[in-house]
Amino acid sequence: MNTVYLNNKFLPADQACVPVLDRGFIFGDGVYEVIPVYGRKLFRLDEHLQRLQNSLTAVRIPNPLSNADWDTILNELIRQNDGDEQSLYLQVTRGSAQRDHAMPDDPVPTIFAMSNPLHPVSQQIREHGVAAITLDDIRWQRCHIKAISLLPNILLRQEALDQNAAEAILVRDGFATEGAASNLFIVSNDVLVTPPTGPFLLPGITRDLILELAETNDIAHHEKNISRDELRTADEIWLTSSTKEILPVTRLDDAPVANGQPGPLFQRMLTLYQCYKQQLRHQ
Ligand code: PDD
């Protein structure tokens, strides 16, 4: 049985209970983070905690813990669970209150964290890539907040799965923003392109690392909006996230992306990414 953390206690997952009036349960009123762990080391913890703080500030939930406390709790959670490679999930909700849209005056946030196994992306996917479809971005105008209310993302991802694709690439006003649970990159004429951050996409921690690796390795890169046509004619398409790292998209809306194989810049970036992880494991 996995050990989870709930409001100051470490306990087996099946003993962790949240009151039915918790606003996370009633309204989806909360925010979350997913942090990969390599060799029992938290990946980019400061960046994840900064994004958590930004999400909390945006939804007006006080951060219940200092960064030092988060660090201690998450490391203890890693210690109490099996596996050198883990995927930590943490969420903070506005806590329990009588059901009312208005925010309670003195919220006592609920703090929950758990560890899941971090499954490596299969060799088959690394070699052949995945299919994606484009869908209209039906989400709200604050996609930079990592909110637990994910119904639109769930519907979009499921629609992709129903069409035998791994992910939906979302299009808003003619521009591709990101995936249902991932960020988007394309390679066009040897330049790596990703949409700029703003209210229509989540500022991914993986996205930032890829931009950093591009910068330090002299890979031409650019943050700019990607039109539907640019997406369709891209030489490479990648999706990035903490759990999937970098996924090459080799089919888009049932047509091959370029020659239908993962491209050379993907191979290069994947190697750089794996080296970065390896350094973290041995720190
Ligand atoms: N999702 N965009 C969206 C909408 C996401 O949900 C995610 C990640 C990302 C990538 O962010 P990062 O690189 O920080 O993981 C972009 C997580 C993994 C999830 O919801 O499970």
# chains A, B, ... in the order shown; residues from 1 in each chain; ligands from 1
call {"tool": "residues_near_ligand", "arguments": {"ligand": "ligand 1", "cutoff": "7 Å", "atoms": "only C-alpha atoms and all ligand atoms", "output": "ChimeraX atom specification"}}
result
/A:34,178-183,201-207,240-243
call {"tool": "residues_around", "arguments": {"residues": "Arg60 of chain A", "least_positions_apart": "5", "cutoff": "10 Å", "atoms": "only C-alpha atoms", "output": "PDB file with N, CA, C and O atoms, in the first residue's frame"}}
result
ATOM      1  N   GLY A  30      -9.188  24.042  -6.258  1.00  0.00           N
ATOM      2  CA  GLY A  30      -7.836  23.789  -5.760  1.00  0.00           C
ATOM      3  C   GLY A  30      -6.838  23.760  -6.906  1.00  0.00           C
ATOM      4  O   GLY A  30      -7.220  23.896  -8.078  1.00  0.00           O
ATOM      5  N   ASN A  54       2.390  30.522  -7.748  1.00  0.00           N
ATOM      6  CA  ASN A  54       1.680  31.359  -8.732  1.00  0.00           C
ATOM      7  C   ASN A  54       0.220  30.916  -8.864  1.00  0.00           C
ATOM      8  O   ASN A  54      -0.688  31.750  -8.940  1.00  0.00           O
ATOM      9  N   SER A  55      -0.006  29.591  -8.903  1.00  0.00           N
ATOM     10  CA  SER A  55      -1.386  29.086  -9.024  1.00  0.00           C
ATOM     11  C   SER A  55      -2.190  29.463  -7.783  1.00  0.00           C
ATOM     12  O   SER A  55      -3.335  29.923  -7.883  1.00  0.00           O
ATOM     13  N   ARG A  94      -9.116  24.582  -1.190  1.00  0.00           N
ATOM     14  CA  ARG A  94      -9.494  25.663  -0.262  1.00  0.00           C
ATOM     15  C   ARG A  94     -10.083  25.095   1.039  1.00  0.00           C
ATOM     16  O   ARG A  94     -10.482  25.849   1.911  1.00  0.00           O
ATOM     17  N   MET A 103     -15.971  32.641  -1.421  1.00  0.00           N
ATOM     18  CA  MET A 103     -14.849  32.005  -0.712  1.00  0.00           C
ATOM     19  C   MET A 103     -15.011  32.177   0.798  1.00  0.00           C
ATOM     20  O   MET A 103     -15.415  33.254   1.250  1.00  0.00           O
TER      21      MET A 103
END
call {"tool": "closest_residue", "arguments": {"among": "A:Val191, A:Leu21, A:Leu6, A:Ile138", "to": "Arg172 of chain A", "atoms": "only C-alpha atoms"}}
result
A:Ile138
call {"tool": "closest_residue", "arguments": {"among": "A:Ile78, A:Leu252, A:Leu42, A:Ala147", "to": "Gly28 of chain A", "atoms": "only C-alpha atoms"}}
result
A:Ala147
call {"tool": "select_by_dssp", "arguments": {"residues": "segment 49-178 of chain A", "states": "helix (DSSP H, G or I)", "output": "number ranges by chain"}}
result
A: 49-59, 67-79, 123-128, 151-162
call {"tool": "residues_around", "arguments": {"residues": "segment 260-264 of chain A", "least_positions_apart": "3", "cutoff": "7 Å", "atoms": "only C-alpha atoms", "output": "ChimeraX atom specification"}}
result
/A:127-129,236,248,250-251,256-257,267-268
